[in-house]
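Structure file my_file_22.cif (mmCIF, C-alpha atoms) is printed below.
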data_upload
#
loop_
_atom_site.label_atom_id
_atom_site.label_comp_id
_atom_site.auth_asym_id
_atom_site.auth_seq_id
_atom_site.Cartn_x
_atom_site.Cartn_y
_atom_site.Cartn_z
CA MET A 2 25.38 85.05 16.43
CA ILE A 3 22.46 82.89 15.40
CA LEU A 4 22.30 81.63 11.80
CA SER A 5 19.27 80.13 10.16
CA LEU A 6 19.93 76.85 8.29
CA SER A 7 16.50 75.89 6.99
CA LYS A 8 12.99 77.28 6.83
CA ASP A 9 9.64 75.57 6.65
CA ALA A 10 6.33 77.41 6.83
CA ILE A 11 3.10 75.73 7.92
CA GLU A 12 -0.35 77.20 7.79
CA ILE A 13 -2.60 76.40 10.73
CA ILE A 14 -6.28 77.00 10.17
CA LYS A 15 -8.03 73.99 11.67
CA GLU A 16 -7.58 71.72 14.66
CA GLN A 17 -6.25 68.75 12.70
CA ASP A 18 -3.43 70.94 11.35
CA VAL A 19 -2.05 70.92 14.88
CA VAL A 20 -1.30 67.18 14.74
CA LEU A 21 0.42 67.61 11.38
CA PHE A 22 2.38 70.58 12.71
CA ARG A 23 3.49 68.69 15.83
CA ASN A 24 4.67 65.77 13.68
CA ARG A 25 6.65 68.08 11.40
CA LEU A 26 8.20 69.71 14.45
CA LYS A 27 9.06 66.32 15.94
CA GLU A 28 10.80 65.25 12.70
CA THR A 29 12.81 68.47 12.65
CA ALA A 30 13.80 68.03 16.31
CA ILE A 31 14.94 64.45 15.69
CA ARG A 32 16.94 65.57 12.65
CA ILE A 33 19.04 67.96 14.75
CA LYS A 34 19.32 65.32 17.51
CA MET A 35 17.51 67.36 20.13
CA SER A 36 17.30 65.57 23.49
CA LEU A 37 13.96 63.90 24.19
CA VAL A 38 13.11 66.14 27.15
CA ASN A 39 13.83 69.26 25.11
CA GLN A 40 11.75 67.92 22.22
CA THR A 41 8.86 67.42 24.61
CA ARG A 42 9.31 70.91 26.10
CA LEU A 43 9.43 72.53 22.66
CA ILE A 44 6.46 70.65 21.23
CA THR A 45 4.38 71.33 24.34
CA ALA A 46 5.19 75.05 24.22
CA ALA A 47 4.40 75.11 20.49
CA SER A 48 1.16 73.29 21.13
CA GLU A 49 0.08 75.99 23.61
CA LEU A 50 0.89 78.78 21.16
CA VAL A 51 -0.84 77.09 18.24
CA ARG A 52 -3.94 76.62 20.34
CA ASN A 53 -3.94 80.32 21.24
CA MET A 54 -3.63 81.15 17.57
CA LEU A 55 -6.59 78.93 16.66
CA ARG A 56 -8.76 80.05 19.53
CA TYR A 57 -8.20 83.78 19.50
CA ALA A 58 -7.17 84.51 15.91
CA ASN A 59 -8.82 81.73 13.83
CA GLY A 60 -5.41 80.39 12.89
CA GLY A 61 -2.21 81.74 11.43
CA MET A 62 1.22 80.77 10.17
CA CYS A 63 4.13 79.04 11.83
CA LEU A 64 7.67 79.18 10.54
CA ILE A 65 9.95 76.32 11.65
CA GLU A 66 13.66 77.19 11.41
CA ILE A 67 16.73 75.20 12.23
CA VAL A 68 19.22 77.63 13.71
CA THR A 69 22.84 77.32 14.81
CA ARG A 70 25.19 79.24 17.07
CA GLY A 71 28.30 77.29 16.18
CA ARG A 72 28.42 74.03 18.05
CA ASP A 73 24.84 73.91 19.16
CA ASN A 74 21.79 73.66 16.94
CA GLY A 75 18.27 74.62 17.86
CA ILE A 76 14.80 75.25 16.55
CA ARG A 77 13.20 78.65 16.25
CA LEU A 78 9.46 78.94 15.76
CA THR A 79 7.71 82.09 14.63
CA PHE A 80 3.95 82.21 15.07
CA THR A 81 2.13 85.00 13.25
CA ASP A 82 -1.57 85.69 13.25
CA LYS A 83 -3.86 88.45 12.12
CA GLY A 84 -6.14 88.21 15.13
CA PRO A 85 -7.34 90.90 17.53
CA GLY A 86 -3.95 91.21 19.22
CA ILE A 87 -3.20 91.27 22.94
CA PRO A 88 -3.93 94.65 24.55
CA ASP A 89 -1.88 94.05 27.71
CA ILE A 90 1.02 91.63 27.20
CA ALA A 91 2.27 91.88 30.80
CA LEU A 92 -1.15 90.77 32.01
CA ALA A 93 -1.38 87.96 29.43
CA MET A 94 2.02 86.67 30.57
CA ARG A 95 0.81 86.33 34.15
CA ASP A 96 0.14 82.82 35.49
CA GLY A 97 -3.55 82.04 35.73
CA TYR A 98 -4.77 84.95 33.64
CA SER A 99 -7.10 84.10 30.79
CA THR A 100 -9.75 85.90 28.78
CA GLY A 101 -10.98 82.53 27.53
CA LYS A 102 -12.04 79.61 29.64
CA SER A 103 -8.58 78.09 29.91
CA LEU A 104 -6.27 77.74 32.90
CA GLY A 105 -4.19 80.73 31.83
CA MET A 106 -1.05 78.62 31.72
CA GLY A 107 -0.37 78.81 27.98
CA LEU A 108 1.81 81.89 27.56
CA PRO A 109 3.71 81.95 30.88
CA GLY A 110 4.03 78.15 30.79
CA SER A 111 5.48 78.04 27.29
CA LYS A 112 7.96 80.76 28.23
CA ARG A 113 9.26 78.53 31.03
CA LEU A 114 9.74 75.63 28.60
CA VAL A 115 11.98 77.35 26.04
CA ASN A 116 15.30 79.21 26.00
CA GLU A 117 14.09 82.37 24.30
CA PHE A 118 10.63 83.84 24.15
CA GLU A 119 9.56 87.02 22.44
CA ILE A 120 6.07 88.37 21.98
CA LYS A 121 4.89 91.37 19.99
CA SER A 122 1.33 92.41 19.52
CA GLN A 123 -0.56 95.30 18.04
CA ALA A 124 -4.20 95.64 19.02
CA GLY A 125 -6.36 95.06 15.97
CA GLU A 126 -3.48 93.88 13.80
CA GLY A 127 -2.27 90.61 15.19
CA THR A 128 0.30 88.88 17.33
CA MET A 129 3.76 87.46 16.72
CA VAL A 130 5.45 85.04 19.09
CA ILE A 131 9.01 83.77 18.58
CA ILE A 132 10.40 80.92 20.64
CA LEU A 133 13.78 79.22 20.48
CA LYS A 134 14.95 75.97 21.99
CA TRP A 135 18.54 74.65 21.80
CA SER A 136 19.06 70.92 21.35
CA HIS A 137 20.98 70.63 24.57
CA GLY A 138 20.60 73.04 27.43
CA MET B 8 -15.09 60.91 13.47
CA ASP B 9 -12.25 59.42 15.52
CA LYS B 10 -13.04 57.94 18.89
CA ILE B 11 -10.96 56.51 21.68
CA PRO B 12 -12.26 53.09 22.81
CA ILE B 13 -13.34 52.62 26.41
CA LEU B 14 -13.16 49.04 27.68
CA LYS B 15 -15.06 47.67 30.65
CA MET B 16 -13.25 45.23 32.89
CA GLY B 17 -15.14 44.19 36.01
CA PRO B 18 -15.92 47.31 38.04
CA PHE B 19 -13.36 49.38 36.09
CA LEU B 20 -13.14 51.22 32.81
CA LEU B 21 -9.90 51.10 30.83
CA VAL B 22 -8.80 53.72 28.36
CA THR B 23 -5.58 53.46 26.40
CA ILE B 24 -4.72 56.58 24.48
CA GLN B 25 -2.72 55.46 21.45
CA VAL B 26 -2.93 58.53 19.26
CA ASP B 27 -1.93 62.14 19.60
CA LEU B 28 -4.95 63.91 20.93
CA TYR B 29 -6.31 67.01 19.36
CA ASP B 30 -8.76 69.11 21.29
CA ARG B 31 -12.05 67.79 19.97
CA LEU B 32 -10.97 64.17 20.42
CA ALA B 33 -10.05 64.88 24.04
CA LEU B 34 -13.40 66.57 24.67
CA THR B 35 -15.24 63.62 23.11
CA LEU B 36 -13.32 61.25 25.36
CA GLU B 37 -14.23 63.32 28.42
CA ALA B 38 -17.94 63.21 27.57
CA ASP B 39 -17.95 59.52 26.58
CA LEU B 40 -16.06 58.46 29.68
CA VAL B 41 -18.35 60.28 32.09
CA GLN B 42 -21.39 58.78 30.34
CA MET B 43 -19.84 55.31 30.58
CA VAL B 44 -19.08 55.72 34.29
CA ASN B 45 -22.72 56.49 34.84
CA LYS B 46 -24.05 53.74 32.55
CA THR B 47 -21.80 50.93 33.82
CA ARG B 48 -21.72 52.15 37.43
CA ALA B 49 -17.95 51.75 37.27
CA LYS B 50 -15.97 52.21 40.48
CA GLY B 51 -12.74 53.19 38.81
CA VAL B 52 -11.26 54.60 35.62
CA LEU B 53 -7.76 53.71 34.44
CA ILE B 54 -6.23 55.95 31.79
CA ASP B 55 -3.06 54.73 30.11
CA ILE B 56 -1.01 57.53 28.55
CA SER B 57 2.20 55.56 27.94
CA ALA B 58 1.92 56.21 24.20
CA VAL B 59 1.27 59.93 24.63
CA SER B 60 4.34 62.07 24.04
CA ILE B 61 2.75 65.49 24.62
CA VAL B 62 0.44 66.63 27.41
CA ASP B 63 -0.19 70.36 27.21
CA SER B 64 -2.37 72.55 29.43
CA PHE B 65 -5.56 71.65 27.56
CA MET B 66 -4.96 67.91 27.81
CA GLY B 67 -4.01 68.36 31.44
CA ARG B 68 -7.25 70.16 32.10
CA ILE B 69 -9.25 67.39 30.41
CA ILE B 70 -7.53 64.76 32.57
CA GLY B 71 -8.27 66.80 35.69
CA ASN B 72 -11.89 67.23 34.57
CA ILE B 73 -12.33 63.50 33.98
CA ALA B 74 -11.02 62.79 37.48
CA SER B 75 -13.29 65.39 39.12
CA MET B 76 -16.37 64.37 37.15
CA SER B 77 -15.84 60.66 37.85
CA LYS B 78 -15.38 61.47 41.53
CA LEU B 79 -18.83 63.08 41.54
CA LEU B 80 -20.16 59.82 40.11
CA GLU B 81 -18.42 57.77 42.80
CA ALA B 82 -15.52 56.55 40.67
CA GLU B 83 -11.77 57.02 41.19
CA THR B 84 -9.42 57.87 38.32
CA VAL B 85 -5.84 56.63 38.01
CA LEU B 86 -3.50 57.90 35.32
CA VAL B 87 -0.80 55.39 34.38
CA GLY B 88 2.33 55.20 32.25
CA MET B 89 3.35 58.84 32.05
CA GLN B 90 6.64 59.28 30.23
CA PRO B 91 9.40 60.99 32.27
CA ALA B 92 9.76 63.79 29.71
CA VAL B 93 6.02 64.47 29.99
CA ALA B 94 6.26 64.65 33.80
CA ILE B 95 9.13 67.16 33.56
CA THR B 96 7.26 69.27 31.04
CA LEU B 97 3.99 69.29 33.00
CA ILE B 98 5.67 70.58 36.15
CA GLU B 99 7.67 73.24 34.30
CA LEU B 100 4.53 74.29 32.47
CA GLY B 101 2.90 74.79 35.88
CA LEU B 102 0.38 71.97 35.79
CA PRO B 103 0.94 69.63 38.73
CA LEU B 104 -2.35 67.71 38.07
CA ASN B 105 -3.35 67.86 41.72
CA GLY B 106 -6.13 65.52 42.67
CA VAL B 107 -5.36 62.97 39.97
CA HIS B 108 -4.06 59.60 41.19
CA THR B 109 -1.10 58.22 39.24
CA ALA B 110 0.75 54.92 38.97
CA LEU B 111 3.82 53.88 37.04
CA ASP B 112 2.16 51.18 34.95
CA MET B 113 -1.14 49.43 34.28
CA GLU B 114 -0.60 46.69 36.87
CA ARG B 115 0.22 49.07 39.70
CA GLY B 116 -2.63 51.33 38.63
CA MET B 117 -5.04 48.43 38.81
CA ASN B 118 -3.78 47.52 42.29
CA LEU B 119 -4.16 51.11 43.41
CA LEU B 120 -7.75 51.23 42.16
CA LYS B 121 -8.57 47.93 43.91
CA SER B 122 -7.08 49.16 47.18
CA MET B 123 -8.99 52.46 46.96
CA ILE B 124 -12.25 50.62 46.46
CA ASN B 125 -11.52 48.28 49.35
CA ASP B 126 -10.67 51.24 51.56
CA THR B 127 -13.98 52.92 50.93
CA SER B 128 -15.94 49.72 51.47
CA ASN B 129 -14.06 49.13 54.74
CA ILE B 130 -14.94 52.61 55.93
CA GLY B 131 -18.57 51.74 55.25
CA ASP B 132 -18.24 48.57 57.33
CA ASN B 133 -16.68 50.46 60.23
CA GLU B 134 -19.51 52.93 60.28
CA ILE B 135 -22.01 50.13 60.50
CA GLU B 136 -20.07 48.59 63.40
CA GLU B 137 -20.04 51.91 65.23
CA ASP B 138 -23.76 52.23 64.75
CA ASP B 139 -24.23 48.74 66.15
CA LEU B 140 -22.20 49.71 69.23
CA ILE B 141 -24.35 52.73 69.83
CA VAL B 142 -27.44 50.57 69.65
CA GLU B 143 -25.97 48.21 72.19
#
Can you turn what I pasted into structure tokens?
Amino acid sequence: MILSLSKDAIEIIKEQDVVLFRNRLKETAIRIKMSLVNQTRLITAASELVRNMLRYANGGMCLIEIVTRGRDNGIRLTFTDKGPGIPDIALAMRDGYSTGKSLGMGLPGSKRLVNEFEIKSQAGEGTMVIILKWSHG
Amino acid sequence: MDKIPILKMGPFLLVTIQVDLYDRLALTLEADLVQMVNKTRAKGVLIDISAVSIVDSFMGRIIGNIASMSKLLEAETVLVGMQPAVAITLIELGLPLNGVHTALDMERGMNLLKSMINDTSNIGDNEIEEDDLIVE
């Protein structure tokens, strides 16, 4: 069972918010003594998702949660936007696929960097992505 | 607006990225650097990312772009000082940065650039010698 210990919501509407968000995430990761490599993986994955949110949905919200499953702590991030949504998630999750001018590495790449990855989207209503990274492992 | 300084040292340009890059800053750096390569006729570009803790797919693409653009302007690019955690993350993300030269630190990067420039000038010399032989 996964319990949530703390919650912190950050609004991301402009590019500079990303730096602030990354710093907040870094502080949280250090507080739960996440290993450096896992911190880097988590922040990189988050950075990809935040960029998607800014580019395709003009921004959104991110909820930073410290979660625990007993001995191990982790960080769960929930990204919500009210953008156009993703019509075909399976296609968007494919390496190298992009509707923008990017490399198409963002979604599949961030999935590889975290322990849990969940994406829900409704065309015309928005997208929600939840990722979870444990401090160790 | 923030800018990342580009220093000229002999035939090379040095860039040390000390801050966390956001997208527009990275794009500005890309444009400035390519302009500088052209203006100074630099033979090499050394980018130090030892203070950078996050390189995501966008940053990776900018680094790749800088290398390809400089190449078109006859300059080599060497990326130095990548943190181990960044290397791990880049590969897992699926961004091997093919085509970008790397070195462990500034000194080795500088040596690599010098050797690359010498190599190309040697090739030029050899071609001239071959031409001479043909004439003979």
* To do: Find the residues with any atom within 10 Å of (-16.2, 57.5, 42.9); use all atoms listed in the file and the coordinates as given in the file, and write the answer as a list of chain:residue names.
  =>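 Those residues lying close to the given coordinates are B:Val44, B:Arg48, B:Ala49, B:Lys50, B:Gly51, B:Val52, B:Ala74, B:Ser75, B:Met76, B:Ser77, B:Lys78, B:Leu79, B:Leu80, B:Glu81, B:Ala82, B:Glu83, B:Thr84, B:Met123, B:Ile124, B:Thr127.
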* To do: Apply the PyMOL selection byres ((chain B and resi 72) around 12) to the file shown and report the selected residues as an MDAnalysis selection string.
  => chainID B and resid 33:34 36:38 40:41 65:71 73:79 84 104:107
* To do: Mind listing whatever residues come within 12 Å of the point (4.2, 75.9, 35.5)? Use all atoms listed in the file, file coordinates, and give them as an MDAnalysis selection string.
  => (chainID A and resid 42 46 95:97 104:114) or (chainID B and resid 63:64 67 94:104)
* To do: Quick one: apply the PyMOL selection byres ((chain B and resi 88-91) around 6) to the file and drop the selected residues here as a PyMOL selection string.
  => chain B and resi 55-57+87+92-94+111-112
* When distances are computed from all atoms listed in the file, which of A:Ile65, A:Leu37, A:Ile87, A:Ile13 shows the smallest separation from chain B? ->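 Nearest candidate to chain B out of A:Ile65, A:Leu37, A:Ile87, A:Ile13: A:Leu37.
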* To do: Can you work out the spacing between CA of Lys134 in chain A and CA of Gly60 in chain A in Å, to one decimal?
  => 22.7 Å
Can you sort out range 22-50 of chain B so it carries N, CA and C atoms, written as a PDB file, keeping the file's coordinate frame?
ATOM      1  N   VAL B  22      -8.968  52.906  29.549  1.00  0.00           N
ATOM      2  CA  VAL B  22      -8.800  53.720  28.360  1.00  0.00           C
ATOM      3  C   VAL B  22      -7.315  53.775  28.028  1.00  0.00           C
ATOM      4  N   THR B  23      -6.974  53.359  26.817  1.00  0.00           N
ATOM      5  CA  THR B  23      -5.580  53.460  26.400  1.00  0.00           C
ATOM      6  C   THR B  23      -5.512  54.467  25.268  1.00  0.00           C
ATOM      7  N   ILE B  24      -4.812  55.548  25.511  1.00  0.00           N
ATOM      8  CA  ILE B  24      -4.720  56.580  24.480  1.00  0.00           C
ATOM      9  C   ILE B  24      -3.501  56.299  23.602  1.00  0.00           C
ATOM     10  N   GLN B  25      -3.789  55.911  22.352  1.00  0.00           N
ATOM     11  CA  GLN B  25      -2.720  55.460  21.450  1.00  0.00           C
ATOM     12  C   GLN B  25      -2.350  56.502  20.411  1.00  0.00           C
ATOM     13  N   VAL B  26      -3.167  57.538  20.309  1.00  0.00           N
ATOM     14  CA  VAL B  26      -2.930  58.530  19.260  1.00  0.00           C
ATOM     15  C   VAL B  26      -2.663  59.890  19.905  1.00  0.00           C
ATOM     16  N   ASP B  27      -2.088  60.780  19.111  1.00  0.00           N
ATOM     17  CA  ASP B  27      -1.930  62.140  19.600  1.00  0.00           C
ATOM     18  C   ASP B  27      -3.286  62.799  19.629  1.00  0.00           C
ATOM     19  N   LEU B  28      -3.634  63.318  20.769  1.00  0.00           N
ATOM     20  CA  LEU B  28      -4.950  63.910  20.930  1.00  0.00           C
ATOM     21  C   LEU B  28      -4.992  65.316  20.364  1.00  0.00           C
ATOM     22  N   TYR B  29      -6.033  65.607  19.628  1.00  0.00           N
ATOM     23  CA  TYR B  29      -6.310  67.010  19.360  1.00  0.00           C
ATOM     24  C   TYR B  29      -7.523  67.373  20.194  1.00  0.00           C
ATOM     25  N   ASP B  30      -7.814  68.645  20.278  1.00  0.00           N
ATOM     26  CA  ASP B  30      -8.760  69.110  21.290  1.00  0.00           C
ATOM     27  C   ASP B  30     -10.122  68.439  21.254  1.00  0.00           C
ATOM     28  N   ARG B  31     -10.688  68.308  20.040  1.00  0.00           N
ATOM     29  CA  ARG B  31     -12.050  67.790  19.970  1.00  0.00           C
ATOM     30  C   ARG B  31     -12.104  66.324  20.395  1.00  0.00           C
ATOM     31  N   LEU B  32     -11.049  65.583  20.051  1.00  0.00           N
ATOM     32  CA  LEU B  32     -10.970  64.170  20.420  1.00  0.00           C
ATOM     33  C   LEU B  32     -10.915  64.038  21.948  1.00  0.00           C
ATOM     34  N   ALA B  33     -10.161  64.919  22.590  1.00  0.00           N
ATOM     35  CA  ALA B  33     -10.050  64.880  24.040  1.00  0.00           C
ATOM     36  C   ALA B  33     -11.394  65.221  24.691  1.00  0.00           C
ATOM     37  N   LEU B  34     -12.088  66.195  24.125  1.00  0.00           N
ATOM     38  CA  LEU B  34     -13.400  66.570  24.670  1.00  0.00           C
ATOM     39  C   LEU B  34     -14.412  65.448  24.505  1.00  0.00           C
ATOM     40  N   THR B  35     -14.348  64.759  23.344  1.00  0.00           N
ATOM     41  CA  THR B  35     -15.240  63.620  23.110  1.00  0.00           C
ATOM     42  C   THR B  35     -14.968  62.534  24.137  1.00  0.00           C
ATOM     43  N   LEU B  36     -13.687  62.279  24.390  1.00  0.00           N
ATOM     44  CA  LEU B  36     -13.320  61.250  25.360  1.00  0.00           C
ATOM     45  C   LEU B  36     -13.875  61.605  26.745  1.00  0.00           C
ATOM     46  N   GLU B  37     -13.733  62.872  27.121  1.00  0.00           N
ATOM     47  CA  GLU B  37     -14.230  63.320  28.420  1.00  0.00           C
ATOM     48  C   GLU B  37     -15.727  63.019  28.550  1.00  0.00           C
ATOM     49  N   ALA B  38     -16.486  63.407  27.528  1.00  0.00           N
ATOM     50  CA  ALA B  38     -17.940  63.210  27.570  1.00  0.00           C
ATOM     51  C   ALA B  38     -18.295  61.726  27.578  1.00  0.00           C
ATOM     52  N   ASP B  39     -17.657  60.950  26.677  1.00  0.00           N
ATOM     53  CA  ASP B  39     -17.950  59.520  26.580  1.00  0.00           C
ATOM     54  C   ASP B  39     -17.656  58.801  27.893  1.00  0.00           C
ATOM     55  N   LEU B  40     -16.512  59.159  28.477  1.00  0.00           N
ATOM     56  CA  LEU B  40     -16.060  58.460  29.680  1.00  0.00           C
ATOM     57  C   LEU B  40     -17.021  58.716  30.844  1.00  0.00           C
ATOM     58  N   VAL B  41     -17.447  59.952  30.997  1.00  0.00           N
ATOM     59  CA  VAL B  41     -18.350  60.280  32.090  1.00  0.00           C
ATOM     60  C   VAL B  41     -19.697  59.572  31.896  1.00  0.00           C
ATOM     61  N   GLN B  42     -20.162  59.525  30.650  1.00  0.00           N
ATOM     62  CA  GLN B  42     -21.390  58.780  30.340  1.00  0.00           C
ATOM     63  C   GLN B  42     -21.248  57.312  30.700  1.00  0.00           C
ATOM     64  N   MET B  43     -20.085  56.739  30.326  1.00  0.00           N
ATOM     65  CA  MET B  43     -19.840  55.310  30.580  1.00  0.00           C
ATOM     66  C   MET B  43     -19.766  55.017  32.067  1.00  0.00           C
ATOM     67  N   VAL B  44     -19.165  55.913  32.844  1.00  0.00           N
ATOM     68  CA  VAL B  44     -19.080  55.720  34.290  1.00  0.00           C
ATOM     69  C   VAL B  44     -20.500  55.607  34.852  1.00  0.00           C
ATOM     70  N   ASN B  45     -21.345  56.488  34.374  1.00  0.00           N
ATOM     71  CA  ASN B  45     -22.720  56.490  34.840  1.00  0.00           C
ATOM     72  C   ASN B  45     -23.459  55.212  34.402  1.00  0.00           C
ATOM     73  N   LYS B  46     -23.307  54.865  33.115  1.00  0.00           N
ATOM     74  CA  LYS B  46     -24.050  53.740  32.550  1.00  0.00           C
ATOM     75  C   LYS B  46     -23.613  52.401  33.154  1.00  0.00           C
ATOM     76  N   THR B  47     -22.307  52.224  33.338  1.00  0.00           N
ATOM     77  CA  THR B  47     -21.800  50.930  33.820  1.00  0.00           C
ATOM     78  C   THR B  47     -21.649  50.898  35.331  1.00  0.00           C
ATOM     79  N   ARG B  48     -21.920  52.022  35.986  1.00  0.00           N
ATOM     80  CA  ARG B  48     -21.720  52.150  37.430  1.00  0.00           C
ATOM     81  C   ARG B  48     -20.302  51.733  37.824  1.00  0.00           C
ATOM     82  N   ALA B  49     -19.339  52.132  37.010  1.00  0.00           N
ATOM     83  CA  ALA B  49     -17.950  51.750  37.270  1.00  0.00           C
ATOM     84  C   ALA B  49     -17.443  52.409  38.547  1.00  0.00           C
ATOM     85  N   LYS B  50     -16.530  51.703  39.231  1.00  0.00           N
ATOM     86  CA  LYS B  50     -15.970  52.210  40.480  1.00  0.00           C
ATOM     87  C   LYS B  50     -14.629  52.892  40.250  1.00  0.00           C
TER      88      LYS B  50
END
